[in-house]
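Colleague: Handing over upload.tsv, TSV, C-alpha atoms.
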chain	number	residue	atom	x	y	z
A	1	MET	CA	0.00	0.00	0.00
A	2	THR	CA	1.29	3.45	-0.96
A	3	TYR	CA	0.61	6.11	1.66
A	4	LEU	CA	0.24	9.82	0.95
A	5	ASP	CA	2.02	12.37	3.14
A	6	PHE	CA	-1.07	13.22	5.20
A	7	GLU	CA	-1.67	9.49	5.83
A	8	LYS	CA	1.43	9.14	8.02
A	9	PRO	CA	-0.59	8.37	11.20
A	10	ILE	CA	-2.41	5.58	9.33
A	11	GLN	CA	0.89	4.24	7.99
A	12	ASP	CA	2.41	4.11	11.48
A	13	LEU	CA	-0.54	2.13	12.79
A	14	ALA	CA	-0.48	-0.19	9.77
A	15	GLU	CA	3.23	-0.92	10.29
A	16	GLU	CA	2.55	-1.64	13.95
A	17	LEU	CA	-0.24	-4.03	12.92
A	18	GLU	CA	2.08	-5.89	10.53
A	19	LYS	CA	4.66	-6.33	13.29
A	20	LEU	CA	1.97	-7.61	15.65
A	21	LYS	CA	0.75	-10.12	13.06
A	22	ASP	CA	4.32	-11.23	12.43
A	23	VAL	CA	4.87	-11.85	16.15
A	24	ALA	CA	1.58	-13.76	16.37
A	25	SER	CA	2.53	-16.00	13.45
A	26	LYS	CA	5.98	-16.81	14.84
A	27	SER	CA	4.94	-17.42	18.45
A	28	LYS	CA	2.24	-19.29	20.28
A	29	VAL	CA	0.94	-16.14	21.96
A	30	ASP	CA	-2.69	-15.33	21.18
A	31	LEU	CA	-2.74	-11.72	19.99
A	32	ALA	CA	-6.11	-11.83	18.21
A	33	GLU	CA	-7.70	-9.35	20.61
A	34	LYS	CA	-4.87	-6.83	20.25
A	35	ILE	CA	-4.87	-7.22	16.47
A	36	LYS	CA	-8.62	-6.59	16.34
A	37	GLU	CA	-8.22	-3.55	18.59
A	38	LEU	CA	-5.45	-2.12	16.41
A	39	GLU	CA	-7.50	-2.69	13.24
A	40	GLY	CA	-10.27	-0.70	14.90
A	41	HIS	CA	-7.83	2.13	15.60
A	42	ILE	CA	-6.72	2.14	11.95
A	43	HIS	CA	-10.34	2.31	10.77
A	44	ASP	CA	-11.13	5.16	13.15
A	45	LYS	CA	-8.00	7.13	12.25
A	46	THR	CA	-8.66	6.66	8.51
A	47	LYS	CA	-12.25	7.82	8.95
A	48	GLU	CA	-11.10	10.84	10.97
A	49	ILE	CA	-8.49	11.91	8.39
A	50	TYR	CA	-10.71	11.36	5.33
A	51	SER	CA	-13.61	13.23	6.93
A	52	ASN	CA	-11.50	16.39	7.04
A	53	LEU	CA	-9.58	16.44	3.75
A	54	ASN	CA	-8.76	19.82	2.24
A	55	ALA	CA	-8.85	20.51	-1.51
A	56	TRP	CA	-5.17	19.71	-2.14
A	57	GLN	CA	-5.41	16.43	-0.23
A	58	ARG	CA	-8.37	15.37	-2.37
A	59	VAL	CA	-6.31	16.17	-5.46
A	60	GLN	CA	-3.60	13.87	-4.08
A	61	VAL	CA	-6.11	11.07	-3.48
A	62	SER	CA	-7.47	11.44	-7.03
A	63	ARG	CA	-3.93	10.81	-8.31
A	64	HIS	CA	-3.13	7.88	-6.02
A	65	PRO	CA	-1.07	5.35	-8.03
A	66	GLU	CA	-3.27	2.46	-6.85
A	67	ARG	CA	-6.54	4.18	-7.68
A	68	PRO	CA	-8.57	2.19	-10.26
A	69	TYR	CA	-8.69	3.53	-13.81
A	70	THR	CA	-11.34	3.55	-16.53
A	71	LEU	CA	-10.89	0.00	-17.88
A	72	ALA	CA	-11.18	-1.45	-14.36
A	73	TYR	CA	-14.55	0.30	-13.93
A	74	ILE	CA	-15.76	-0.81	-17.36
A	75	ASP	CA	-14.74	-4.45	-16.81
A	76	TYR	CA	-16.59	-4.61	-13.49
A	77	VAL	CA	-19.70	-2.67	-14.51
A	78	SER	CA	-20.06	-4.63	-17.77
A	79	ASN	CA	-19.18	-7.95	-16.11
A	80	LYS	CA	-16.26	-8.34	-18.56
A	81	THR	CA	-18.52	-8.16	-21.63
A	82	PHE	CA	-16.67	-5.07	-22.89
A	83	MET	CA	-15.71	-5.13	-26.57
A	84	GLU	CA	-13.29	-2.31	-27.34
A	85	LEU	CA	-13.56	-0.43	-30.63
A	86	HIS	CA	-10.63	1.38	-32.21
A	87	GLY	CA	-9.75	4.30	-34.44
A	88	ASP	CA	-11.23	7.63	-35.51
A	89	ARG	CA	-11.32	6.61	-39.22
A	90	THR	CA	-9.13	9.61	-40.05
A	91	VAL	CA	-5.71	9.51	-38.37
A	92	GLY	CA	-5.39	6.49	-36.12
A	93	ASP	CA	-6.23	4.90	-32.78
A	94	ASP	CA	-5.50	6.97	-29.67
A	95	LYS	CA	-4.57	4.69	-26.77
A	96	ALA	CA	-5.36	7.44	-24.23
A	97	MET	CA	-9.06	7.24	-25.13
A	98	VAL	CA	-10.83	3.88	-24.91
A	99	GLY	CA	-14.37	2.98	-25.87
A	100	GLY	CA	-16.67	0.19	-26.93
A	101	TRP	CA	-19.80	-1.82	-26.21
A	102	GLY	CA	-20.62	-3.53	-22.93
A	103	GLU	CA	-23.65	-4.88	-21.08
A	104	VAL	CA	-24.95	-3.65	-17.74
A	105	ASP	CA	-27.57	-6.00	-16.33
A	106	GLY	CA	-28.69	-6.93	-19.84
A	107	GLN	CA	-28.62	-3.36	-21.18
A	108	THR	CA	-26.19	-2.57	-23.99
A	109	VAL	CA	-24.16	0.55	-23.21
A	110	MET	CA	-21.45	2.47	-25.06
A	111	PHE	CA	-18.56	3.04	-22.65
A	112	ILE	CA	-15.98	5.76	-23.34
A	113	GLY	CA	-13.20	7.07	-21.14
A	114	GLN	CA	-9.60	8.14	-20.67
A	115	GLN	CA	-7.16	5.44	-19.58
A	116	LYS	CA	-3.94	6.50	-17.84
A	117	GLY	CA	-2.12	3.16	-17.87
A	118	ILE	CA	-1.44	0.71	-15.03
A	119	ASN	CA	2.37	0.64	-15.25
A	120	THR	CA	5.22	2.79	-16.52
A	121	LYS	CA	5.22	1.34	-20.05
A	122	MET	CA	1.45	1.62	-20.47
A	123	ARG	CA	1.44	5.15	-19.06
A	124	GLN	CA	3.87	6.17	-21.79
A	125	ILE	CA	1.77	4.46	-24.47
A	126	ARG	CA	-1.43	6.06	-23.17
A	127	ARG	CA	0.27	9.40	-22.42
A	128	PHE	CA	-1.11	9.39	-18.85
A	129	GLY	CA	-4.67	9.68	-20.19
A	130	MET	CA	-4.00	12.81	-22.26
A	131	ALA	CA	-5.82	12.33	-25.55
A	132	ASN	CA	-4.86	13.63	-28.99
A	133	PRO	CA	-7.51	15.06	-31.38
A	134	GLU	CA	-8.01	11.59	-32.84
A	135	GLY	CA	-8.96	10.40	-29.35
A	136	TYR	CA	-11.80	12.90	-29.14
A	137	ARG	CA	-12.82	12.13	-32.72
A	138	LYS	CA	-12.87	8.43	-31.89
A	139	ALA	CA	-15.04	9.20	-28.86
A	140	LEU	CA	-17.44	11.20	-31.05
A	141	ARG	CA	-17.57	8.40	-33.64
A	142	LEU	CA	-18.56	5.94	-30.92
A	143	MET	CA	-21.16	8.33	-29.50
A	144	LYS	CA	-22.74	8.70	-32.94
A	145	MET	CA	-22.72	4.91	-33.29
A	146	ALA	CA	-24.53	4.60	-29.95
A	147	GLU	CA	-27.07	7.18	-31.10
A	148	LYS	CA	-27.60	5.27	-34.37
A	149	PHE	CA	-28.49	2.10	-32.46
A	150	ASN	CA	-30.36	3.99	-29.71
A	151	LYS	CA	-28.04	2.87	-26.90
A	152	PRO	CA	-27.08	4.96	-23.84
A	153	ILE	CA	-23.58	6.35	-23.31
A	154	VAL	CA	-21.48	6.30	-20.14
A	155	THR	CA	-18.20	8.23	-20.04
A	156	PHE	CA	-15.45	7.91	-17.43
A	157	ILE	CA	-13.33	11.05	-17.03
A	158	ASP	CA	-9.78	10.80	-15.69
A	159	THR	CA	-7.25	13.07	-17.36
A	160	PRO	CA	-4.74	15.81	-16.45
A	161	GLY	CA	-5.83	17.51	-19.69
A	162	ALA	CA	-5.79	17.08	-23.46
A	163	TYR	CA	-2.36	16.29	-24.89
A	164	PRO	CA	-0.44	19.59	-25.30
A	165	GLY	CA	1.98	18.46	-28.03
A	166	LEU	CA	2.69	20.35	-31.26
A	167	GLU	CA	1.26	17.52	-33.38
A	168	ALA	CA	-1.99	17.63	-31.42
A	169	GLU	CA	-2.37	21.34	-32.11
A	170	GLU	CA	-1.54	20.83	-35.80
A	171	ARG	CA	-4.28	18.20	-36.08
A	172	GLY	CA	-6.86	20.47	-34.47
A	173	GLN	CA	-7.02	19.74	-30.75
A	174	GLY	CA	-9.24	22.70	-29.96
A	175	GLU	CA	-11.62	22.03	-32.85
A	176	ALA	CA	-11.96	18.35	-31.92
A	177	ILE	CA	-12.95	19.18	-28.33
A	178	ALA	CA	-15.28	21.99	-29.42
A	179	ARG	CA	-16.97	19.66	-31.91
A	180	ASN	CA	-17.59	17.15	-29.13
A	181	LEU	CA	-19.23	19.81	-26.96
A	182	LEU	CA	-21.54	20.78	-29.81
A	183	GLU	CA	-22.45	17.22	-30.72
A	184	MET	CA	-22.81	15.82	-27.19
A	185	VAL	CA	-25.35	18.40	-26.15
A	186	GLN	CA	-27.57	17.27	-29.07
A	187	LEU	CA	-27.27	13.48	-28.64
A	188	LYS	CA	-30.67	11.80	-28.64
A	189	VAL	CA	-29.65	9.02	-26.24
A	190	PRO	CA	-29.07	9.20	-22.47
A	191	VAL	CA	-25.54	10.33	-21.53
A	192	ILE	CA	-24.00	9.84	-18.09
A	193	CYS	CA	-20.56	11.32	-17.33
A	194	ILE	CA	-18.57	10.25	-14.26
A	195	ILE	CA	-15.33	11.85	-13.02
A	196	ILE	CA	-13.37	8.98	-11.45
A	197	GLY	CA	-10.04	10.77	-10.93
A	198	GLU	CA	-8.76	13.99	-12.42
A	199	GLY	CA	-11.05	16.19	-14.49
A	200	ALA	CA	-8.82	18.85	-15.97
A	201	SER	CA	-9.61	21.50	-18.53
A	202	GLY	CA	-11.09	20.85	-21.98
A	203	GLY	CA	-9.51	17.42	-21.92
A	204	ALA	CA	-12.18	16.37	-19.43
A	205	LEU	CA	-14.97	18.50	-20.88
A	206	GLY	CA	-14.48	16.89	-24.30
A	207	ILE	CA	-16.38	13.83	-23.04
A	208	GLY	CA	-18.15	15.57	-20.16
A	209	ILE	CA	-21.42	16.93	-21.58
A	210	GLY	CA	-24.20	14.70	-20.28
A	211	ASP	CA	-27.69	14.46	-18.84
A	212	LYS	CA	-26.08	13.53	-15.54
A	213	VAL	CA	-22.57	14.59	-14.55
A	214	LEU	CA	-21.36	12.82	-11.42
A	215	MET	CA	-18.13	12.93	-9.41
A	216	LEU	CA	-16.60	10.36	-7.13
A	217	GLU	CA	-16.09	11.87	-3.69
A	218	ASN	CA	-12.30	12.27	-3.85
A	219	THR	CA	-11.93	13.68	-7.35
A	220	TRP	CA	-11.50	17.14	-8.82
A	221	TYR	CA	-12.91	19.01	-11.82
A	222	SER	CA	-11.48	22.33	-12.96
A	223	VAL	CA	-10.37	24.43	-15.90
A	224	ILE	CA	-6.77	24.17	-14.69
A	225	SER	CA	-4.70	22.06	-12.28
A	226	PRO	CA	-3.58	23.57	-8.95
A	227	GLU	CA	0.09	23.38	-10.03
A	228	SER	CA	-0.51	25.20	-13.32
A	229	CYS	CA	-2.68	27.79	-11.60
A	230	SER	CA	0.05	28.37	-9.02
A	231	SER	CA	2.75	28.71	-11.68
A	232	ILE	CA	0.70	31.32	-13.57
A	233	LEU	CA	-0.38	33.42	-10.59
A	234	TRP	CA	2.67	33.07	-8.32
A	235	ARG	CA	5.35	31.99	-10.81
A	236	SER	CA	5.95	28.92	-8.66
A	237	TRP	CA	4.37	25.55	-7.86
A	238	SER	CA	4.85	26.24	-4.15
A	239	PHE	CA	1.35	27.73	-3.83
A	240	LYS	CA	-0.52	24.73	-5.26
A	241	GLU	CA	-2.35	24.12	-1.97
A	242	LYS	CA	-3.60	27.71	-1.93
A	243	ALA	CA	-4.57	27.44	-5.60
A	244	ALA	CA	-6.51	24.23	-4.98
A	245	GLU	CA	-8.60	25.95	-2.32
A	246	ALA	CA	-9.23	29.00	-4.50
A	247	LEU	CA	-10.27	26.95	-7.56
A	248	LYS	CA	-13.18	25.29	-5.71
A	249	LEU	CA	-12.47	22.07	-7.59
A	250	THR	CA	-13.63	19.36	-5.19
A	251	SER	CA	-16.82	17.37	-5.66
A	252	HIS	CA	-18.49	19.17	-2.75
A	253	ASP	CA	-17.57	22.60	-4.17
A	254	MET	CA	-18.81	21.61	-7.63
A	255	LYS	CA	-22.12	20.32	-6.25
A	256	ALA	CA	-22.61	23.44	-4.13
A	257	ASN	CA	-22.07	25.62	-7.20
A	258	GLY	CA	-24.55	23.61	-9.26
A	259	LEU	CA	-21.96	22.41	-11.77
A	260	ILE	CA	-22.53	18.68	-11.28
A	261	ASP	CA	-25.60	16.57	-10.58
A	262	GLY	CA	-24.33	14.34	-7.80
A	263	ILE	CA	-21.50	12.94	-5.71
A	264	ILE	CA	-20.76	9.21	-5.56
A	265	PRO	CA	-19.43	8.25	-2.10
A	266	GLU	CA	-16.15	6.36	-1.84
A	267	PRO	CA	-15.13	3.76	0.76
A	268	ILE	CA	-13.31	5.09	3.82
A	269	GLY	CA	-9.75	5.82	2.74
A	270	GLY	CA	-10.57	6.31	-0.95
A	271	ALA	CA	-11.51	4.16	-3.94
A	272	HIS	CA	-8.09	2.47	-3.99
A	273	ARG	CA	-8.67	0.86	-0.58
A	274	ASN	CA	-11.78	-1.00	-1.69
A	275	PRO	CA	-12.11	-0.92	-5.51
A	276	ASP	CA	-14.86	-3.55	-5.69
A	277	LEU	CA	-17.14	-1.57	-3.37
A	278	THR	CA	-16.46	1.55	-5.44
A	279	PHE	CA	-17.25	-0.29	-8.68
A	280	GLU	CA	-20.51	-1.62	-7.24
A	281	THR	CA	-21.56	1.85	-6.06
A	282	VAL	CA	-20.80	3.31	-9.49
A	283	LYS	CA	-22.78	0.52	-11.19
A	284	GLU	CA	-25.79	1.20	-8.98
A	285	GLU	CA	-25.62	4.92	-9.83
A	286	ILE	CA	-25.47	4.15	-13.56
A	287	LEU	CA	-28.46	1.83	-13.40
A	288	MET	CA	-30.48	4.29	-11.30
A	289	HIS	CA	-29.89	7.22	-13.65
A	290	LEU	CA	-30.37	5.18	-16.82
A	291	LYS	CA	-33.75	4.01	-15.55
A	292	ALA	CA	-34.87	7.60	-14.95
A	293	LEU	CA	-33.43	9.01	-18.18
A	294	LYS	CA	-35.00	6.34	-20.37
A	295	LYS	CA	-38.44	7.50	-19.27
A	296	LEU	CA	-37.88	10.87	-20.96
A	297	LYS	CA	-38.33	11.51	-24.65
A	298	PRO	CA	-35.14	12.40	-26.57
A	299	GLU	CA	-36.37	15.94	-27.22
A	300	LYS	CA	-36.96	16.48	-23.50
A	301	ARG	CA	-33.52	15.14	-22.55
A	302	ILE	CA	-31.83	17.44	-25.07
A	303	GLU	CA	-33.86	20.42	-23.85
A	304	GLN	CA	-32.93	19.75	-20.22
A	305	ARG	CA	-29.27	19.17	-21.14
A	306	ILE	CA	-29.05	22.50	-22.97
A	307	GLU	CA	-30.84	24.36	-20.17
A	308	LYS	CA	-28.56	22.84	-17.52
A	309	PHE	CA	-25.31	23.88	-19.17
A	310	SER	CA	-26.66	27.24	-20.32
A	311	ALA	CA	-27.57	28.10	-16.72
A	312	MET	CA	-24.01	27.56	-15.45
A	313	GLY	CA	-21.85	30.53	-14.54
A	314	VAL	CA	-22.60	34.18	-13.80
A	315	VAL	CA	-23.23	36.88	-16.38
A	316	HIS	CA	-22.91	40.61	-15.64
A	317	ASP	CA	-24.44	43.14	-18.03
A	318	ILE	CA	-21.95	46.03	-18.35
A	319	ASN	CA	-24.82	48.39	-19.22
A	320	GLU	CA	-26.44	47.95	-15.82
Mind turning the file's structure into structure tokens?
Modeller:
Amino acid sequence: MTYLDFEKPIQDLAEELEKLKDVASKSKVDLAEKIKELEGHIHDKTKEIYSNLNAWQRVQVSRHPERPYTLAYIDYVSNKTFMELHGDRTVGDDKAMVGGWGEVDGQTVMFIGQQKGINTKMRQIRRFGMANPEGYRKALRLMKMAEKFNKPIVTFIDTPGAYPGLEAEERGQGEAIARNLLEMVQLKVPVICIIIGEGASGGALGIGIGDKVLMLENTWYSVISPESCSSILWRSWSFKEKAAEALKLTSHDMKANGLIDGIIPEPIGGAHRNPDLTFETVKEEILMHLKALKKLKPEKRIEQRIEKFSAMGVVHDINE
């Protein structure tokens, strides 16, 4: 288990527990009661720490190296029926963006999401979940396919942003994301978007326009990362904690500001401590929202989707 800096008290207790278990296994002394007591202390300390996380700490949890990524969610939710589809039919197949068909309790669903990679080699291949224009065009192709066959769409968002390379700009990164925004708001099928890790900038928004936009409890969603914000405003990354607070990027901030539709609770200690429970909770949320959305006519869903996003933000009339 990898521990974050603010989890030091939990780590100390966990190390003490391991030593106690080691002594119990090598001796005939019955330490079951003490082990149970220490496990209770670890649970209580974890609950205490995670009940009082600040914005920067939630950003750290969202980036935890053991946190489950998109394909893990898709495999569980679809009960391993996922059939990945490839390519944008123009340039190539972007490994940072994955998508394809899967079944959720007998319902066929189009799954799309950013995949960061589970090890060093795969992270390089998938560019840490930062998609090129062809990734967003592939996502749009799959959305249009889902619309053609009248199947709902579920997107999983987990990216530090769209890929910032020169080639990406040459191939129209901005246009590709803008096109997705325009097309997604007009899709005739139900669309559910779930932030499972990082939701940064247009890279996240490119697959983030839906009837329901949900965030896992320990995730963030913002136009810019705390580090980049700090480097612009203070010319240094040293103020990233202050920037995280000012950006109001946590799930609770986003819900309070009316920018998302709901928060999906995580197990105590974060999604990485109990992935299966997290997957099951996410699956239940998907099924619940799909059931409600399917009752609406396509025209009504589109109308509500447009109204929801149009109502976001504050407008000041300079003539007043």
Colleague: Which residue out of A:Thr250, A:Arg89, A:Gly165, A:Cys193 has the minimum interatomic distance to Ile112 (chain A) when all atoms listed in the file are used?
Modeller: A:Cys193
Colleague: Just checking: using all atoms listed in the file, which residue out of A:Ala178, A:Ile268, A:Met1, A:Ala55 ends up closest to Pro226 (chain A)?
Modeller: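 Residue with the minimum atom-to-atom distance to Pro226 (chain A): A:Ala55.
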Colleague: For a quick check of understanding, using all atoms listed in the file, which of A:Val77, A:Val154, A:Met97, A:Ala271 has the smallest distance to Val109 (chain A)?
Modeller: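 Of A:Val77, A:Val154, A:Met97, A:Ala271, the one nearest Val109 (chain A), counting all atoms listed in the file, is A:Val154.
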Colleague: Closest to Met215 (chain A) among A:Lys255, A:His43, A:Arg123, A:Lys95, using all atoms listed in the file?
Modeller: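 Ranking A:Lys255, A:His43, A:Arg123, A:Lys95 by distance to Met215 (chain A), first place goes to A:Lys255.
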Colleague: Scan for residues within 6 Å of the point (-25.1, 8.1, -16.5) in the coordinates of the file, using all atoms listed in the file, and reply as a PyMOL selection string.
Modeller: chain A and resi 154+191-193+212+286+289
Colleague: Rounded to one decimal, what separation in Å do you get between CA of Ser310 (chain A) and CA of Gly206 (chain A)?
Modeller: 16.5 Å
Colleague: In Å, rounded to a single decimal, give me how far CA of Ile42 (chain A) is from CA of Gln11 (chain A).
Modeller: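 So the answer is 8.8 Å.
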Colleague: Excluding Glu39 (chain A) and residues on its chain fewer than 2 positions from it, collect all residues at most 12 Å away from it, counting all atoms listed in the file, and give them as a PyMOL selection string.
Modeller: chain A and resi 10+13-18+20-21+32-37+41-46
Colleague: Around the point (-14.7, 7.7, -32.2), in the coordinates given by the file, pick out the residues reaching within 10 Å, counting only C-alpha atoms, and return them as a list in words.
Modeller: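 Answer for this query, in the requested form: Leu85, His86, Gly87, Asp88, Arg89, Thr90, Asp93, Asp94, Met97, Val98, Gly99, Gly100, Ile112, Glu134, Gly135, Tyr136, Arg137, Lys138, Ala139, Leu140, Arg141, Leu142, Met143, Lys144 and Met145 of chain A.
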Colleague: Using all atoms listed in the file, pick whichever of A:Glu66, A:Asp30, A:Glu183, A:Glu103 has the shortest atom-to-atom distance to Ile118 (chain A).
Modeller: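 Going through A:Glu66, A:Asp30, A:Glu183, A:Glu103 one by one, the smallest distance to Ile118 (chain A) is for A:Glu66.
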Colleague: How would region 255-277 of chain A of the given structure read as a file with N, CA, C and O atoms, as a compact mmCIF listing (two decimals), in the first residue's frame?
Modeller:
# COMPACT_ATOMS: atom_id res chain seq x y z
N LYS A 255 -20.69 20.56 -6.51
CA LYS A 255 -22.12 20.32 -6.25
C LYS A 255 -22.77 21.57 -5.67
O LYS A 255 -23.88 21.95 -6.08
N ALA A 256 -22.07 22.23 -4.75
CA ALA A 256 -22.61 23.44 -4.13
C ALA A 256 -22.82 24.56 -5.14
O ALA A 256 -23.74 25.36 -5.02
N ASN A 257 -21.97 24.58 -6.17
CA ASN A 257 -22.07 25.62 -7.20
C ASN A 257 -22.98 25.21 -8.36
O ASN A 257 -23.10 25.94 -9.35
N GLY A 258 -23.60 24.05 -8.25
CA GLY A 258 -24.55 23.61 -9.26
C GLY A 258 -23.93 23.19 -10.58
O GLY A 258 -24.58 23.22 -11.62
N LEU A 259 -22.66 22.77 -10.54
CA LEU A 259 -21.96 22.41 -11.77
C LEU A 259 -21.96 20.91 -12.06
O LEU A 259 -21.59 20.48 -13.14
N ILE A 260 -22.36 20.11 -11.08
CA ILE A 260 -22.53 18.68 -11.28
C ILE A 260 -23.87 18.26 -10.69
O ILE A 260 -24.49 19.02 -9.93
N ASP A 261 -24.28 17.04 -11.02
CA ASP A 261 -25.60 16.57 -10.58
C ASP A 261 -25.57 15.70 -9.33
O ASP A 261 -26.60 15.46 -8.72
N GLY A 262 -24.39 15.20 -8.98
CA GLY A 262 -24.33 14.34 -7.80
C GLY A 262 -22.93 13.89 -7.46
O GLY A 262 -22.00 13.98 -8.26
N ILE A 263 -22.78 13.44 -6.21
CA ILE A 263 -21.50 12.94 -5.71
C ILE A 263 -21.65 11.46 -5.37
O ILE A 263 -22.60 11.07 -4.68
N ILE A 264 -20.75 10.64 -5.86
CA ILE A 264 -20.76 9.21 -5.56
C ILE A 264 -19.81 8.95 -4.40
O ILE A 264 -18.61 9.23 -4.51
N PRO A 265 -20.30 8.46 -3.26
CA PRO A 265 -19.43 8.25 -2.10
C PRO A 265 -18.38 7.17 -2.35
O PRO A 265 -18.62 6.21 -3.08
N GLU A 266 -17.22 7.34 -1.74
CA GLU A 266 -16.15 6.36 -1.84
C GLU A 266 -16.00 5.65 -0.49
O GLU A 266 -16.41 6.17 0.55
N PRO A 267 -15.40 4.45 -0.50
CA PRO A 267 -15.13 3.76 0.76
C PRO A 267 -14.21 4.61 1.63
O PRO A 267 -13.48 5.47 1.13
N ILE A 268 -14.20 4.36 2.92
CA ILE A 268 -13.31 5.09 3.82
C ILE A 268 -11.87 4.85 3.39
O ILE A 268 -11.42 3.72 3.26
N GLY A 269 -11.14 5.94 3.17
CA GLY A 269 -9.75 5.82 2.74
C GLY A 269 -9.58 5.94 1.24
O GLY A 269 -8.46 5.86 0.73
N GLY A 270 -10.67 6.12 0.50
CA GLY A 270 -10.57 6.31 -0.95
C GLY A 270 -10.89 5.06 -1.75
O GLY A 270 -10.90 3.94 -1.23
N ALA A 271 -11.12 5.25 -3.04
CA ALA A 271 -11.51 4.16 -3.94
C ALA A 271 -10.45 3.07 -4.02
O ALA A 271 -10.76 1.90 -4.23
N HIS A 272 -9.18 3.44 -3.86
CA HIS A 272 -8.09 2.47 -3.99
C HIS A 272 -8.05 1.47 -2.84
O HIS A 272 -7.45 0.40 -2.97
N ARG A 273 -8.68 1.78 -1.72
CA ARG A 273 -8.67 0.86 -0.58
C ARG A 273 -9.71 -0.24 -0.70
O ARG A 273 -9.58 -1.29 -0.10
N ASN A 274 -10.75 0.02 -1.48
CA ASN A 274 -11.78 -1.00 -1.69
C ASN A 274 -12.39 -0.79 -3.08
O ASN A 274 -13.52 -0.32 -3.23
N PRO A 275 -11.63 -1.15 -4.14
CA PRO A 275 -12.11 -0.92 -5.51
C PRO A 275 -13.45 -1.59 -5.81
O PRO A 275 -14.30 -0.98 -6.46
N ASP A 276 -13.63 -2.83 -5.36
CA ASP A 276 -14.86 -3.55 -5.69
C ASP A 276 -16.11 -2.84 -5.16
O ASP A 276 -17.14 -2.77 -5.83
N LEU A 277 -16.01 -2.31 -3.93
CA LEU A 277 -17.14 -1.57 -3.37
C LEU A 277 -17.39 -0.30 -4.18
O LEU A 277 -18.56 0.06 -4.43
